[in-house]
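Notes for the one structure printed next.
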Amino acid sequence: MILVTGATGHVGRALVDELTATSTPLRALTRTPPRAGFPPRVETAEGDLSRTDALRAAMEGVESLFLVLPDGQLPAEVLPTVRRAGVRRVVLVSSLLAQTHPSSVIGAAMLTAETAVRESGLDWTLLRPWEFASNTLAWASQIRGGDTVRLPAAGLASPVIHPADIAAVAARALTEDGHEARVYPLTGPEALTVEQKVTAIGTALGRELHVEVHADPQPADHVARQDQGAVTEDPMIPGVATQESPGVLPTVEEVTGNPARGFHLWATENSDAFGPRTCPSANDA
Ligand SMILES: NC(=O)c1ccc[n+]([C@@H]2O[C@H](COP(=O)([O-])OP(=O)(O)OC[C@H]3O[C@@H](n4cnc5c(N)ncnc54)[C@H](OP(=O)(O)O)[C@@H]3O)[C@@H](O)[C@H]2O)c1
């Protein structure tokens with residue numbers, strides 16, 4: 001039995017879909033089962049990572065755990081509960097910032113969680129994804145309302161990763177041997193600027209979209225934690241990479257045998273979130 005946490009999220013849902021196509025017994029954790037809409041063959045477990053009693057029940061009979069940490073925080077009781085339940089292996093969604101920017105808030109939090117997982121006594125695999133393609137959903141309301149995406153900064157070109165590729169790597173690590181004590185840094189297949197991502201979404205919609213960068217008098221939102229003096233603040237602009245990427249990495253293809261999916265594919269699959277597709281008129285032909 002595999003237990004998928006974060007099962008209603010971008011990666012977890014893709015993983016549930018991928019594993020549903022196999023014969024592996026599958027359970028999916030959510031805080032709100034009525035809203036989850038998992039496929040019929042998936043067992044639904046109600047639970048919250050910060051509630052040990054519900055977690056204990058969800059772990060019964062589980063051999064492998066897919067672990068997503070909301071906000072990068074690992075509640076102290078999670079791994080002891082998992083181990084006591086007899087779980088053998090854990091696959092953690094960490095972040096590539098743990099490697100590239102270990103003193104950023106997210107990088108530092110993920111390193112702490114990684115260390116706990118490494119020292120848990122379980123077989124472990126660490127997934128370190130770069131920025132998700134799905135972060136561009138933060139622009140959806142602007143794109144639904146007009147043809148210009150206004151951002152406070154253009155940021156850096158970024159090899160955004162399709163969440164389904166993180167799920168594909170996770171599926172291998174959860175169902176095959178040979179991934180124990182491995183750390184997988186994961187990126188998409190090409191580094192794209194904000195303009196290129198917006199253009200790709202426009203192409204998926206059949207619309208011409210533009211980016212307008214305006215110097216915001218307000219500084220970007222920052223994630224800061226008071227109790228970690230050495231930790232730097234992370235500027236957070238949704239959909240905009242503010243930290244330099246390590247470039248395009250080959251890990252997705254090395255692990256899954258399939259090339260990493262591009263942003264254009266993600267934009268096509270998710271175009272509904274940005275508005276209706278515009279059909280080319282007869283005059284355009
Ligand atoms: N976005 C990025 O660019 C990026 C890059 C690298 C790493 N990451 C990491 O990826 C993870 C997010 O993955 P995602 O985007 O697939 O998730 P997501 O779409 O943000 O969804 C969050 C998931 O976490 C679950 N959840 C929230 N609070 C919970 C709690 N207290 N107990 C149990 N489950 C809880 C939610 O389930 P229910 O609401 O159904 O309970 C939902 O399935 C984070 O750890 C993030 O740091 C993100």
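Letters A, B, ... mark the chains of the structure tokens in the order given; residue numbers begin at 1 per chain; ligand numbers begin at 1, in order shown.
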
Go through the chains and note each residue within 8 Å of ligand 1, using only C-alpha atoms and all ligand atoms, then give the set as a ChimeraX atom specification.
/A:5-13,29-33,35-36,47-51,68-73,93-97,106,110,128-135,160,163

Looking only at strand (DSSP E) from DSSP on the backbone, list the matching residues of region 109-146 of chain A as an NGL selection string.
:A and (123-129)

Please save C-alpha atoms of the selected residues as an mmCIF file, in the first residue's frame.
```
data_model
loop_
_atom_site.group_PDB
_atom_site.id
_atom_site.type_symbol
_atom_site.label_atom_id
_atom_site.label_comp_id
_atom_site.auth_asym_id
_atom_site.auth_seq_id
_atom_site.Cartn_x
_atom_site.Cartn_y
_atom_site.Cartn_z
ATOM 1 C CA ASP A 123 14.527 4.032 3.310
ATOM 2 C CA TRP A 124 14.377 7.504 1.788
ATOM 3 C CA THR A 125 14.471 9.309 -1.533
ATOM 4 C CA LEU A 126 14.630 13.105 -1.726
ATOM 5 C CA LEU A 127 13.062 14.956 -4.665
ATOM 6 C CA ARG A 128 14.397 18.479 -5.115
ATOM 7 C CA PRO A 129 12.216 20.194 -7.723
#
```

At a cut-off of 12 Å, using only C-alpha atoms, what residues contact region 201-203 of chain A? Leave out same-chain residues fewer than 4 positions from it and give the result as an NGL selection string.
:A and (133-134 or 136-137 or 139-140 or 143-144 or 146-149 or 194-197 or 207-211 or 263-280)

Given the selection you just returned, output its residues as a file containing N, CA and C atoms, formatted as an mmCIF file, in the first residue's frame.
```cif
data_model
loop_
_atom_site.group_PDB
_atom_site.id
_atom_site.type_symbol
_atom_site.label_atom_id
_atom_site.label_comp_id
_atom_site.auth_asym_id
_atom_site.auth_seq_id
_atom_site.Cartn_x
_atom_site.Cartn_y
_atom_site.Cartn_z
ATOM 1 N N ALA A 133 5.779 24.768 -12.874
ATOM 2 C CA ALA A 133 5.042 25.449 -13.952
ATOM 3 C C ALA A 133 3.724 26.010 -13.420
ATOM 4 N N SER A 134 3.132 25.287 -12.479
ATOM 5 C CA SER A 134 1.811 25.675 -11.957
ATOM 6 C C SER A 134 1.841 26.975 -11.146
ATOM 7 N N THR A 136 2.475 29.703 -12.293
ATOM 8 C CA THR A 136 1.929 30.752 -13.168
ATOM 9 C C THR A 136 0.411 30.881 -13.033
ATOM 10 N N LEU A 137 -0.226 29.929 -12.328
ATOM 11 C CA LEU A 137 -1.667 30.072 -12.075
ATOM 12 C C LEU A 137 -1.950 31.349 -11.289
ATOM 13 N N TRP A 139 -1.201 34.114 -12.171
ATOM 14 C CA TRP A 139 -1.536 35.158 -13.149
ATOM 15 C C TRP A 139 -2.926 34.960 -13.751
ATOM 16 N N ALA A 140 -3.624 33.894 -13.342
ATOM 17 C CA ALA A 140 -4.855 33.505 -14.040
ATOM 18 C C ALA A 140 -5.904 34.616 -14.019
ATOM 19 N N ILE A 143 -5.082 37.296 -16.514
ATOM 20 C CA ILE A 143 -5.221 36.860 -17.914
ATOM 21 C C ILE A 143 -6.703 36.682 -18.273
ATOM 22 N N ARG A 144 -7.509 36.248 -17.282
ATOM 23 C CA ARG A 144 -8.949 36.149 -17.553
ATOM 24 C C ARG A 144 -9.538 37.534 -17.783
ATOM 25 N N GLY A 146 -7.891 40.350 -18.984
ATOM 26 C CA GLY A 146 -7.300 41.215 -20.013
ATOM 27 C C GLY A 146 -6.092 40.561 -20.642
ATOM 28 N N ASP A 147 -5.415 41.313 -21.508
ATOM 29 C CA ASP A 147 -4.303 40.712 -22.273
ATOM 30 C C ASP A 147 -2.935 41.066 -21.710
ATOM 31 N N THR A 148 -2.904 41.763 -20.567
ATOM 32 C CA THR A 148 -1.611 42.175 -20.014
ATOM 33 C C THR A 148 -1.432 41.599 -18.617
ATOM 34 N N VAL A 149 -0.258 41.008 -18.406
ATOM 35 C CA VAL A 149 0.104 40.543 -17.055
ATOM 36 C C VAL A 149 1.043 41.582 -16.474
ATOM 37 N N VAL A 194 9.732 35.190 -18.082
ATOM 38 C CA VAL A 194 8.318 35.456 -17.816
ATOM 39 C C VAL A 194 7.587 35.732 -19.143
ATOM 40 N N GLU A 195 8.210 36.506 -20.024
ATOM 41 C CA GLU A 195 7.572 36.822 -21.315
ATOM 42 C C GLU A 195 7.286 35.536 -22.095
ATOM 43 N N GLN A 196 8.246 34.618 -22.101
ATOM 44 C CA GLN A 196 8.054 33.362 -22.853
ATOM 45 C C GLN A 196 6.940 32.516 -22.243
ATOM 46 N N LYS A 197 6.838 32.544 -20.919
ATOM 47 C CA LYS A 197 5.762 31.764 -20.280
ATOM 48 C C LYS A 197 4.401 32.394 -20.598
ATOM 49 N N ARG A 207 -4.618 33.641 -27.902
ATOM 50 C CA ARG A 207 -4.628 35.099 -27.683
ATOM 51 C C ARG A 207 -3.206 35.623 -27.636
ATOM 52 N N GLU A 208 -3.060 36.915 -27.922
ATOM 53 C CA GLU A 208 -1.744 37.550 -27.814
ATOM 54 C C GLU A 208 -1.678 38.256 -26.462
ATOM 55 N N LEU A 209 -0.806 37.780 -25.607
ATOM 56 C CA LEU A 209 -0.689 38.351 -24.260
ATOM 57 C C LEU A 209 0.622 39.112 -24.127
ATOM 58 N N HIS A 210 0.644 40.075 -23.203
ATOM 59 C CA HIS A 210 1.845 40.895 -22.994
ATOM 60 C C HIS A 210 2.180 40.932 -21.511
ATOM 61 N N VAL A 211 3.443 41.279 -21.257
ATOM 62 C CA VAL A 211 3.892 41.471 -19.871
ATOM 63 C C VAL A 211 4.233 42.944 -19.698
ATOM 64 N N PHE A 263 6.989 23.629 -20.778
ATOM 65 C CA PHE A 263 5.957 24.531 -20.259
ATOM 66 C C PHE A 263 4.787 24.655 -21.239
ATOM 67 N N HIS A 264 5.079 24.580 -22.545
ATOM 68 C CA HIS A 264 3.994 24.724 -23.527
ATOM 69 C C HIS A 264 2.935 23.641 -23.322
ATOM 70 N N LEU A 265 3.398 22.430 -23.018
ATOM 71 C CA LEU A 265 2.449 21.337 -22.782
ATOM 72 C C LEU A 265 1.618 21.634 -21.536
ATOM 73 N N TRP A 266 2.301 22.076 -20.465
ATOM 74 C CA TRP A 266 1.559 22.392 -19.239
ATOM 75 C C TRP A 266 0.509 23.470 -19.519
ATOM 76 N N ALA A 267 0.904 24.506 -20.276
ATOM 77 C CA ALA A 267 -0.015 25.615 -20.563
ATOM 78 C C ALA A 267 -1.220 25.116 -21.371
ATOM 79 N N THR A 268 -0.988 24.219 -22.298
ATOM 80 C CA THR A 268 -2.091 23.679 -23.109
ATOM 81 C C THR A 268 -3.035 22.855 -22.226
ATOM 82 N N GLU A 269 -2.438 22.022 -21.370
ATOM 83 C CA GLU A 269 -3.269 21.158 -20.505
ATOM 84 C C GLU A 269 -4.081 21.974 -19.501
ATOM 85 N N ASN A 270 -3.579 23.148 -19.142
ATOM 86 C CA ASN A 270 -4.215 23.927 -18.068
ATOM 87 C C ASN A 270 -4.813 25.243 -18.560
ATOM 88 N N SER A 271 -5.036 25.364 -19.867
ATOM 89 C CA SER A 271 -5.485 26.655 -20.421
ATOM 90 C C SER A 271 -6.838 27.081 -19.850
ATOM 91 N N ASP A 272 -7.691 26.113 -19.487
ATOM 92 C CA ASP A 272 -9.019 26.462 -18.942
ATOM 93 C C ASP A 272 -8.920 27.378 -17.729
ATOM 94 N N ALA A 273 -7.838 27.213 -16.959
ATOM 95 C CA ALA A 273 -7.696 28.035 -15.748
ATOM 96 C C ALA A 273 -7.482 29.511 -16.097
ATOM 97 N N PHE A 274 -7.038 29.778 -17.322
ATOM 98 C CA PHE A 274 -6.710 31.144 -17.722
ATOM 99 C C PHE A 274 -7.815 31.775 -18.576
ATOM 100 N N GLY A 275 -8.848 31.004 -18.902
ATOM 101 C CA GLY A 275 -9.958 31.551 -19.682
ATOM 102 C C GLY A 275 -10.289 30.642 -20.849
ATOM 103 N N PRO A 276 -11.356 30.996 -21.560
ATOM 104 C CA PRO A 276 -11.758 30.155 -22.701
ATOM 105 C C PRO A 276 -10.787 30.296 -23.860
ATOM 106 N N ARG A 277 -10.647 29.232 -24.608
ATOM 107 C CA ARG A 277 -9.816 29.293 -25.824
ATOM 108 C C ARG A 277 -10.529 30.130 -26.862
ATOM 109 N N THR A 278 -9.776 31.014 -27.535
ATOM 110 C CA THR A 278 -10.364 31.827 -28.593
ATOM 111 C C THR A 278 -10.198 31.076 -29.905
ATOM 112 N N CYS A 279 -11.340 30.789 -30.586
ATOM 113 C CA CYS A 279 -11.225 30.092 -31.865
ATOM 114 C C CYS A 279 -10.822 31.104 -32.925
ATOM 115 N N PRO A 280 -9.855 30.760 -33.794
ATOM 116 C CA PRO A 280 -9.520 31.689 -34.863
ATOM 117 C C PRO A 280 -10.744 31.924 -35.749
#
```

If I take CA of Leu55 (chain A) and CA of Pro80 (chain A), how far is one from the other in Å, to one decimal?
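That distance, rounded to one decimal, is 11.0 Å.
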
Using only C-alpha atoms, determine which residues lie at most 10 Å from Ser120 (chain A), disregarding the query and same-chain residues fewer than 5 positions distant; provide the list as a ChimeraX atom specification.
/A:79-80,82-83,89-90,114-115

Counting only C-alpha atoms, the residue of A:Val62, A:Ala45, A:Ala116, A:Ala28 that sits nearest Glu77 (chain A)
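Of the candidates, the smallest distance to Glu77 (chain A) is held by A:Ala116.
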
Please measure the separation of CA of Val91 (chain A) and CA of Phe66 (chain A), giving the value in Å to one decimal.
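Computed distance, CA of Val91 (chain A) to CA of Phe66 (chain A), equals 4.9 Å.
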
From a DSSP calculation on the backbone, collect every residue of region 22-84 of chain A in alpha helix (DSSP H) and output the set as a count of residues only.
18

Point-to-point distance in Å for CA of Val240 (chain A) and CA of Pro189 (chain A)
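Separation of CA of Pro189 (chain A) and CA of Val240 (chain A): 17.4 Å.
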
For Ala164 (chain A), which residue among A:Arg27, A:Arg261, A:Arg41, A:His179 is the nearest when counting only C-alpha atoms?
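Using only C-alpha atoms, the shortest distance to Ala164 (chain A) belongs to A:Arg261.
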
Find the spatial neighbours of Asn258 (chain A), counting only C-alpha atoms, within a cut-off of 10 Å - ignore same-chain residues fewer than 6 positions away - and output them as an MDAnalysis selection string.
chainID A and resid 165 168 252
